[in-house]
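Raw start.cif, mmCIF, C-alpha atoms:
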```
data_upload
loop_
_atom_site.label_atom_id
_atom_site.label_comp_id
_atom_site.auth_asym_id
_atom_site.auth_seq_id
_atom_site.Cartn_x
_atom_site.Cartn_y
_atom_site.Cartn_z
CA MET R 10 68.22 4.05 -14.55
CA THR R 11 68.20 3.86 -10.76
CA PHE R 12 67.39 6.48 -8.13
CA GLN R 13 69.65 7.62 -5.35
CA ASP R 14 68.78 6.86 -1.71
CA CYS R 15 67.26 3.53 -2.76
CA ILE R 16 68.25 0.76 -0.36
CA LYS R 17 67.37 -2.73 -1.59
CA ILE R 18 66.92 -5.70 0.74
CA ASP R 19 66.20 -9.41 0.24
CA ILE R 20 62.83 -11.02 0.92
CA GLU R 21 63.79 -12.60 4.26
CA THR R 22 64.98 -9.25 5.64
CA PHE R 23 61.98 -7.47 4.14
CA LEU R 24 59.47 -9.77 5.85
CA LYS R 25 61.26 -9.51 9.21
CA LEU R 26 61.16 -5.72 9.04
CA ALA R 27 57.50 -5.82 7.90
CA ALA R 28 56.52 -7.00 11.38
CA ALA R 29 57.15 -3.45 12.62
CA THR R 30 57.39 -1.27 9.51
CA PRO R 31 54.50 -0.42 7.12
CA VAL R 32 54.65 -1.98 3.64
CA VAL R 33 53.69 0.01 0.54
CA ASP R 34 52.71 -1.86 -2.61
CA VAL R 35 53.12 0.57 -5.52
CA ARG R 36 51.70 -1.72 -8.20
CA SER R 37 48.41 -0.90 -9.93
CA PRO R 38 45.10 -1.52 -8.10
CA SER R 39 44.26 -4.61 -10.18
CA GLU R 40 47.66 -6.16 -9.47
CA TYR R 41 47.19 -5.50 -5.76
CA LEU R 42 43.67 -6.92 -5.79
CA GLU R 43 44.83 -10.16 -7.40
CA GLY R 44 47.25 -10.77 -4.56
CA HIS R 45 49.46 -8.81 -2.17
CA ILE R 46 51.59 -9.15 0.93
CA PRO R 47 49.11 -9.35 3.83
CA GLY R 48 48.99 -6.01 5.60
CA ALA R 49 50.49 -4.04 2.70
CA LEU R 50 48.80 -0.78 1.68
CA ASN R 51 48.38 0.07 -1.98
CA ILE R 52 49.76 3.46 -3.04
CA PRO R 53 49.97 2.87 -6.81
CA LEU R 54 52.36 4.80 -8.97
CA PHE R 55 50.00 4.16 -11.91
CA ASP R 56 46.34 3.26 -12.00
CA ASP R 57 45.37 0.41 -14.33
CA LYS R 58 44.81 2.59 -17.41
CA GLU R 59 48.02 4.55 -16.82
CA ARG R 60 49.99 1.34 -16.44
CA GLU R 61 48.59 0.13 -19.75
CA SER R 62 49.56 3.39 -21.47
CA VAL R 63 53.11 3.26 -20.12
CA GLY R 64 53.41 -0.36 -21.21
CA ILE R 65 52.32 0.50 -24.73
CA ALA R 66 54.84 3.35 -24.88
CA TYR R 67 57.61 1.03 -23.68
CA ASN R 68 56.79 -1.67 -26.24
CA LYS R 69 56.44 0.74 -29.16
CA GLU R 70 59.06 3.41 -28.44
CA GLY R 71 61.36 2.11 -25.72
CA ARG R 72 62.34 2.91 -22.16
CA SER R 73 62.82 6.67 -22.45
CA SER R 74 59.38 7.17 -23.99
CA ALA R 75 57.82 5.05 -21.25
CA ILE R 76 59.50 7.21 -18.57
CA LEU R 77 58.28 10.42 -20.20
CA LYS R 78 54.77 8.98 -20.49
CA GLY R 79 54.85 7.98 -16.84
CA LEU R 80 55.92 11.47 -15.76
CA GLU R 81 53.23 13.03 -17.92
CA LEU R 82 50.52 10.88 -16.34
CA THR R 83 51.60 10.95 -12.71
CA GLY R 84 53.32 14.32 -12.28
CA PRO R 85 50.22 16.33 -11.31
CA SER R 86 49.15 13.83 -8.66
CA MET R 87 52.46 12.85 -7.05
CA HIS R 88 51.72 15.09 -4.06
CA SER R 89 48.76 12.90 -3.09
CA ARG R 90 50.95 9.80 -3.13
CA LEU R 91 53.49 11.54 -0.89
CA GLU R 92 50.73 12.65 1.49
CA SER R 93 49.56 9.03 1.79
CA ALA R 94 53.10 7.86 2.47
CA LEU R 95 53.65 10.48 5.18
CA LYS R 96 50.45 9.41 6.95
CA LEU R 97 51.41 5.74 6.73
CA SER R 98 55.08 5.90 7.64
CA LYS R 99 55.99 4.73 11.12
CA ASP R 100 58.90 6.53 12.77
CA GLY R 101 59.70 7.91 9.33
CA ARG R 102 60.22 4.47 7.74
CA LEU R 103 58.56 2.54 4.93
CA LEU R 104 59.11 -0.71 3.04
CA ILE R 105 58.29 -0.52 -0.68
CA HIS R 106 57.84 -3.01 -3.49
CA CYS R 107 56.53 -3.20 -7.03
CA TRP R 108 56.39 -6.24 -9.34
CA ARG R 109 60.13 -6.84 -9.95
CA GLY R 110 61.73 -4.28 -7.63
CA GLY R 111 62.45 -1.95 -10.55
CA MET R 112 61.55 1.55 -11.59
CA ARG R 113 58.13 1.88 -9.94
CA SER R 114 59.40 1.10 -6.46
CA GLU R 115 62.64 3.03 -7.00
CA ALA R 116 60.73 6.11 -8.20
CA MET R 117 58.38 6.05 -5.23
CA ALA R 118 61.23 5.46 -2.79
CA TRP R 119 63.02 8.48 -4.23
CA LEU R 120 59.88 10.61 -3.94
CA PHE R 121 59.19 9.58 -0.35
CA SER R 122 62.82 10.08 0.63
CA GLN R 123 62.59 13.75 -0.42
CA ALA R 124 60.18 14.21 2.50
CA GLY R 125 62.57 12.53 4.91
CA ILE R 126 61.07 9.03 4.85
CA GLU R 127 63.66 6.26 5.09
CA CYS R 128 62.71 3.73 2.41
CA LYS R 129 63.85 0.17 1.79
CA VAL R 130 62.90 -1.55 -1.47
CA LEU R 131 62.28 -5.27 -1.90
CA GLN R 132 64.92 -6.76 -4.20
CA GLY R 133 63.06 -8.67 -6.91
CA GLY R 134 59.73 -7.17 -5.85
CA TYR R 135 56.45 -9.03 -5.44
CA LYS R 136 57.74 -11.68 -7.83
CA ALA R 137 60.46 -12.57 -5.30
CA TYR R 138 57.85 -12.62 -2.54
CA ARG R 139 55.66 -15.06 -4.49
CA HIS R 140 58.64 -17.34 -5.12
CA HIS R 141 59.37 -17.25 -1.40
CA VAL R 142 55.73 -18.06 -0.52
CA LEU R 143 55.43 -21.03 -2.86
CA SER R 144 58.84 -22.36 -1.84
CA ALA R 145 57.94 -22.18 1.85
CA LEU R 146 54.55 -23.83 1.31
CA SER R 147 56.23 -26.65 -0.62
CA ALA R 148 58.40 -27.61 2.35
CA LYS R 149 57.53 -30.82 4.17
CA ARG R 150 56.22 -30.07 7.63
CA LYS R 151 54.51 -32.03 10.38
CA MET R 152 50.81 -31.80 9.59
CA ILE R 153 47.70 -33.50 10.95
CA THR R 154 44.54 -33.36 8.85
CA LEU R 155 41.20 -33.65 10.58
CA GLY R 156 38.65 -35.23 8.29
CA GLY R 157 35.16 -36.56 8.64
CA LEU R 158 31.69 -36.69 7.25
CA THR R 159 29.92 -33.42 6.47
CA GLY R 160 28.46 -31.95 9.64
CA THR R 161 30.78 -33.56 12.17
CA GLY R 162 31.85 -30.13 13.43
CA LYS R 163 35.48 -30.26 12.28
CA THR R 164 35.91 -26.48 12.29
CA ARG R 165 34.56 -26.19 15.83
CA ILE R 166 36.84 -29.02 16.98
CA LEU R 167 39.89 -27.32 15.47
CA ARG R 168 39.01 -24.09 17.27
CA ILE R 169 38.84 -26.01 20.55
CA LEU R 170 42.21 -27.62 19.80
CA ALA R 171 43.66 -24.16 19.10
CA GLY R 172 42.41 -23.10 22.52
CA LYS R 173 44.30 -26.02 24.02
CA GLY R 174 47.57 -24.85 22.48
CA CYS R 175 47.55 -26.79 19.20
CA ARG R 176 48.81 -24.91 16.16
CA VAL R 177 45.83 -24.69 13.82
CA ILE R 178 45.40 -23.07 10.40
CA ASP R 179 41.77 -22.54 9.36
CA LEU R 180 41.91 -23.11 5.60
CA GLU R 181 38.19 -22.50 5.16
CA GLY R 182 38.43 -19.29 7.16
CA LEU R 183 41.22 -18.05 4.89
CA ALA R 184 39.22 -19.06 1.81
CA ASN R 185 35.92 -17.54 3.05
CA HIS R 186 34.21 -20.82 2.13
CA LYS R 187 33.07 -23.93 4.01
CA GLY R 188 34.07 -26.33 1.26
CA SER R 189 30.78 -27.82 0.07
CA ALA R 190 28.31 -26.61 -2.55
CA PHE R 191 26.69 -24.70 0.33
CA GLY R 192 30.05 -23.31 1.49
CA SER R 193 29.61 -19.76 0.20
CA LEU R 194 26.41 -19.14 2.19
CA GLY R 195 26.91 -16.33 4.67
CA GLN R 196 30.53 -15.83 3.66
CA LEU R 197 32.50 -12.82 2.43
CA PRO R 198 33.76 -12.84 -1.19
CA GLN R 199 36.61 -15.27 -1.73
CA PRO R 200 40.16 -14.01 -2.35
CA SER R 201 42.02 -15.16 -5.45
CA SER R 202 43.97 -18.42 -5.26
CA GLU R 203 47.12 -16.30 -5.36
CA HIS R 204 46.14 -14.23 -2.35
CA PHE R 205 44.87 -17.29 -0.49
CA ALA R 206 48.41 -18.69 -0.72
CA ASN R 207 49.78 -15.40 0.62
CA LEU R 208 47.39 -15.53 3.59
CA LEU R 209 48.23 -19.19 4.18
CA HIS R 210 51.96 -18.43 4.18
CA ASN R 211 51.39 -15.57 6.62
CA GLU R 212 50.14 -18.10 9.20
CA TRP R 213 52.37 -21.00 8.12
CA ASN R 214 55.44 -18.84 8.63
CA THR R 215 54.58 -18.12 12.28
CA ILE R 216 54.51 -21.80 13.34
CA ASP R 217 57.69 -23.43 14.60
CA ASN R 218 58.92 -26.37 12.51
CA SER R 219 58.84 -28.65 15.54
CA SER R 220 55.11 -28.13 16.10
CA PRO R 221 52.56 -30.17 14.11
CA ILE R 222 50.11 -28.05 12.14
CA TRP R 223 46.46 -29.03 12.37
CA LEU R 224 44.39 -28.56 9.20
CA GLU R 225 40.95 -29.56 8.09
CA ASP R 226 40.95 -32.22 5.37
CA GLU R 227 39.95 -30.51 2.13
CA SER R 228 39.72 -31.06 -1.58
CA MET R 229 42.36 -29.28 -3.64
CA ASN R 230 39.81 -26.52 -4.24
CA ILE R 231 37.80 -24.72 -1.57
CA GLY R 232 35.06 -23.05 -3.55
CA SER R 233 36.87 -21.09 -6.27
CA ILE R 234 40.21 -21.29 -4.43
CA PHE R 235 42.87 -23.77 -5.53
CA MET R 236 45.53 -24.59 -2.97
CA PRO R 237 49.22 -24.56 -3.98
CA GLU R 238 49.86 -27.92 -5.61
CA GLU R 239 52.90 -29.05 -3.61
CA PHE R 240 51.33 -27.92 -0.33
CA TYR R 241 48.22 -29.95 -1.10
CA ARG R 242 50.24 -33.06 -2.00
CA ASN R 243 52.14 -32.87 1.28
CA MET R 244 48.89 -32.34 3.13
CA GLN R 245 47.39 -35.46 1.58
CA LYS R 246 50.45 -37.51 2.59
CA SER R 247 50.20 -36.38 6.22
CA PRO R 248 48.60 -38.43 9.01
CA ALA R 249 44.84 -38.04 9.23
CA ILE R 250 42.26 -38.43 11.96
CA ILE R 251 38.81 -39.15 10.57
CA LEU R 252 35.67 -38.53 12.59
CA LEU R 253 32.62 -40.63 11.67
CA MET R 254 29.24 -39.69 13.10
CA ASP R 255 25.73 -41.02 12.54
CA VAL R 256 23.59 -38.97 10.16
CA ASN R 257 20.90 -38.35 12.77
CA THR R 258 23.48 -36.93 15.17
CA ARG R 259 24.62 -34.46 12.52
CA LEU R 260 21.19 -33.59 11.19
CA VAL R 261 19.90 -31.39 14.02
CA ARG R 262 22.74 -28.86 13.91
CA LEU R 263 22.85 -28.76 10.11
CA VAL R 264 19.12 -28.11 9.86
CA GLU R 265 19.46 -25.31 12.41
CA GLU R 266 22.41 -23.82 10.53
CA TYR R 267 20.96 -23.90 7.02
CA SER R 268 17.40 -22.93 7.94
CA GLN R 269 18.62 -19.34 8.38
CA TYR R 270 19.43 -18.93 4.66
CA PRO R 271 16.93 -17.93 1.95
CA ARG R 272 15.34 -20.88 0.19
CA THR R 273 16.44 -19.57 -3.21
CA GLU R 274 20.11 -19.74 -2.11
CA LEU R 275 19.67 -23.28 -0.78
CA GLU R 276 18.03 -24.38 -4.01
CA ALA R 277 20.83 -22.81 -6.07
CA ALA R 278 23.41 -24.67 -3.96
CA VAL R 279 21.65 -27.99 -4.60
CA MET R 280 21.62 -27.31 -8.33
CA LYS R 281 25.41 -26.88 -8.31
CA ILE R 282 25.76 -30.59 -7.54
CA SER R 283 22.59 -31.83 -9.25
CA ARG R 284 24.44 -33.76 -11.95
CA ARG R 285 26.62 -35.54 -9.40
CA MET R 286 23.71 -36.22 -7.06
CA GLY R 287 21.46 -37.40 -9.83
CA GLY R 288 18.60 -35.41 -11.29
CA ASP R 289 15.86 -37.16 -9.33
CA LYS R 290 17.57 -36.71 -5.96
CA ALA R 291 18.36 -33.07 -6.69
CA LYS R 292 14.77 -32.44 -7.70
CA GLU R 293 13.56 -34.14 -4.52
CA ALA R 294 15.87 -31.95 -2.39
CA VAL R 295 14.73 -28.76 -4.16
CA GLN R 296 11.08 -29.70 -3.65
CA ALA R 297 11.74 -30.31 0.04
CA ILE R 298 13.34 -26.86 0.36
CA ALA R 299 10.42 -25.24 -1.47
CA SER R 300 7.96 -26.89 0.92
CA GLY R 301 9.96 -25.81 3.97
CA ASP R 302 11.15 -29.31 4.88
CA ILE R 303 14.81 -28.38 5.35
CA ALA R 304 15.48 -31.56 7.34
CA GLN R 305 14.55 -33.78 4.41
CA ALA R 306 16.61 -31.69 2.01
CA VAL R 307 19.66 -31.82 4.27
CA GLU R 308 19.31 -35.59 4.69
CA ILE R 309 19.19 -36.10 0.91
CA VAL R 310 22.29 -33.97 0.38
CA LEU R 311 24.12 -35.63 3.30
CA ASN R 312 23.49 -39.03 1.78
CA TYR R 313 25.27 -37.88 -1.40
CA TYR R 314 28.21 -36.35 0.45
CA ASP R 315 28.55 -39.36 2.78
CA LYS R 316 28.80 -41.80 -0.12
CA ALA R 317 31.38 -39.64 -1.88
CA TYR R 318 33.45 -39.23 1.28
CA MET R 319 33.42 -42.91 2.22
CA TYR R 320 34.49 -43.82 -1.31
CA GLY R 321 37.47 -41.44 -1.07
CA LEU R 322 38.33 -42.75 2.38
CA LYS R 323 39.11 -46.18 0.92
CA ASN R 324 42.10 -44.70 -0.92
CA ARG R 325 43.81 -43.48 2.25
CA ARG R 326 46.89 -45.24 3.65
CA SER R 327 45.66 -47.21 6.66
CA LEU R 328 48.89 -46.81 8.64
CA LYS R 329 48.55 -43.03 8.58
CA THR R 330 44.82 -42.83 9.20
CA ILE R 331 43.00 -43.11 12.51
CA ILE R 332 39.24 -43.48 12.35
CA ILE R 333 37.15 -42.39 15.33
CA ARG R 334 33.48 -43.32 15.54
CA THR R 335 31.56 -41.01 17.83
CA GLU R 336 28.02 -41.07 19.18
CA THR R 337 28.00 -37.47 20.33
CA GLU R 338 27.81 -34.12 18.55
CA ASP R 339 29.52 -32.42 21.51
CA PRO R 340 32.64 -30.70 20.02
CA GLU R 341 34.45 -30.61 23.39
CA LYS R 342 34.20 -34.38 23.82
CA ASN R 343 35.13 -35.04 20.21
CA ALA R 344 38.11 -32.67 20.48
CA GLU R 345 39.37 -34.66 23.48
CA ARG R 346 39.10 -37.91 21.54
CA VAL R 347 40.88 -36.42 18.55
CA LEU R 348 43.68 -35.05 20.73
CA GLU R 349 44.15 -38.41 22.47
CA ALA R 350 44.32 -40.19 19.12
CA SER R 351 46.96 -37.77 17.80
CA VAL R 352 49.49 -38.97 20.40
CA SER R 353 50.04 -42.18 18.43
CA LEU R 354 50.70 -40.46 15.08
CA ASN R 355 54.10 -40.68 13.40
CA TRP R 356 55.69 -38.54 10.72
CA ASP R 357 58.28 -39.87 8.29
CA ILE R 358 59.65 -36.59 6.95
#
```
Would you write the structure of this file as structure tokens?
Amino acid sequence: MTFQDCIKIDIETFLKLAAATPVVDVRSPSEYLEGHIPGALNIPLFDDKERESVGIAYNKEGRSSAILKGLELTGPSMHSRLESALKLSKDGRLLIHCWRGGMRSEAMAWLFSQAGIECKVLQGGYKAYRHHVLSALSAKRKMITLGGLTGTGKTRILRILAGKGCRVIDLEGLANHKGSAFGSLGQLPQPSSEHFANLLHNEWNTIDNSSPIWLEDESMNIGSIFMPEEFYRNMQKSPAIILLMDVNTRLVRLVEEYSQYPRTELEAAVMKISRRMGGDKAKEAVQAIASGDIAQAVEIVLNYYDKAYMYGLKNRRSLKTIIIRTETEDPEKNAERVLEASVSLNWDI
């Protein structure tokens, strides 16, 4: 069964039009929450319980029973969905998608079209969008990863580079996490790994292929987020600039930064890595926090992270890695040094 006045378009056309036309995601709220096209508004045909009921009817009694069940559940409230669409539509146009580009999106497109809204439906639905996202993020691109010991100010340096015209993607900003055991402090809730990839693609897709993309060197997971596997592999193969800075140079800013958080949160963060740090060192750090000696606690934790980072650094390919030793914490000066070093990088893609 298909509805009249339903124009279907491919994902490339859909995303081009989405730059100027509102996108309506008609999947259930939980589906939308797990991951959606950035900027899309959720006007669900079914809520989560209704979707479950329709699914049960389909599995037990077939398509016709599922359609009747859907009409029974949604009929009384279809006017509210149409009101939302009318408020959202721009110049009388909307883009619509469901999971596979089937009955949910077709039904809503038909409904909206009765009020004069011109609707275009995504062929293949959100599933086609996800395939497009993961395919794009798997492509080999010119990337430069900026690495370094914890507290070297990599995020601040990348922001300065962005101000100088470099194309930068802030992975930690997209993930709402700073990467370490302390990375969730002061941050908003993290998106799902699925939605993180959608957000990443949204920025990735705006950068010209000829321009190198600057990224902060990360583990495959940033907090609870896991990066797309092929994207991460390509990132690890890209040239890297590593900034090494003395612990005392890093200590002042880190103590200032982490002193603002409640001691209970700092102690909980230490306990996340207590087994890797060693029980005695973790206990020592927790005691320092409890006594108000944040500097000592930070120094203990830095010692653990420094050892782990330097061990991992040995596995990097020397021809693609430039190490910069700096005596200053000044992000402007360090950004200049990083930018100068990047001139000599080569990409074999």
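For range 145-151 of chain R, the residues within 9 Å (counting only C-alpha atoms, excluding itself and residues fewer than 4 positions away along the chain) are His140, His141, Ala206, Leu209, His210, Trp213, Asn214, Asn218, Ser219, Ser220, Pro221, Ile222, Trp223, Pro237, Glu238, Glu239, Phe240, Tyr241, Arg242, Asn243, Met244, Ser247, Pro248, Trp356, Asp357 and Ile358 of chain R.
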Using all atoms listed in the file, find each residue of range 164-251 of chain R with at least one atom at most 7 Å away from an atom of range 43-56 of chain R; report its shortest atom-to-atom pair and that distance in Å (one decimal), sort the rows by chain and rising residue number, and return the result as JSON lines.
```
{"residue": "R:Ser201", "atom": "CA", "partner": "R:Glu43", "partner_atom": "CA", "distance": 6.1}
{"residue": "R:Glu203", "atom": "CA", "partner": "R:Gly44", "partner_atom": "CA", "distance": 5.6}
{"residue": "R:His204", "atom": "CA", "partner": "R:Gly44", "partner_atom": "CA", "distance": 4.3}
{"residue": "R:Asn207", "atom": "CA", "partner": "R:Ile46", "partner_atom": "CA", "distance": 6.5}
{"residue": "R:Leu208", "atom": "CA", "partner": "R:Pro47", "partner_atom": "CA", "distance": 6.4}
```
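Here CA of Ile333 in chain R is placed at a distance of 9.1 Å from CA of Gly157 in chain R.
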Item to complete: Name the residues in contact with Glu274 in chain R at a cut-off of 12 Å, using all atoms listed in the file, excluding same-chain residues fewer than 2 positions from it; report them as a count of residues only.
Response: 21
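Taking CA of Asn230 in chain R and CA of Leu183 in chain R as the two end points, the separation is 12.5 Å.
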Practice prompt. Would you write out, as a ChimeraX atom specification, every residue that the PyMOL selection byres ((chain R and resi 259) around 9) captures in this file?
Written response: /R:159-162,254-258,260-264,338
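Comparing the minimum interatomic distances between Phe205 in chain R and each of R:Leu42, R:Asn343, R:Arg168, R:Leu253, counting only C-alpha atoms, we find that R:Leu42 sits nearest.
If you look at CA of Asp19 in chain R and CA of Leu97 in chain R, they are 22.1 Å away from each other.
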Practice prompt. Please provide the set of residues having any atom within 9 Å of Arg109 in chain R, restricted to all atoms listed in the file, with same-chain residues fewer than 2 positions apart removed, written as a ChimeraX atom specification.
Written response: /R:106-107,111-114,131-137
Worksheet item: Counting all atoms listed in the file, which of R:Leu311, R:Ile282, R:Ile169, R:Leu252 gets nearest to Thr337 in chain R?
Response: R:Leu252
Discussion item. Which residues would end up in the selection if the PyMOL selection byres ((chain R and resi 128) around 9) were applied here, given that I need the answer as number ranges by chain?
Written reply: R: 14-17, 101-105, 118-119, 121-122, 126-127, 129-130
As JSON, please: the centre and edge lengths in Å, to one decimal, of an axis-aligned box enclosing every listed atom of range 217-230 of chain R with 5 Å added on each side.
```
{"center_x": 49.3, "center_y": -27.8, "center_z": 5.9, "size_x": 29.2, "size_y": 18.8, "size_z": 30.3}
```
Practice prompt. Tell me which of R:Arg165, R:Lys96, R:Lys290, R:Lys173 sits closest to Tyr313 in chain R, counting all atoms listed in the file.
Written response: R:Lys290
Discussion item. Here's the selection I'm unsure about, the PyMOL selection byres ((chain R and resi 331) around 7); applied to the file above, which residues does it give, as a ChimeraX atom specification?
Written reply: /R:249-251,329-330,332-333
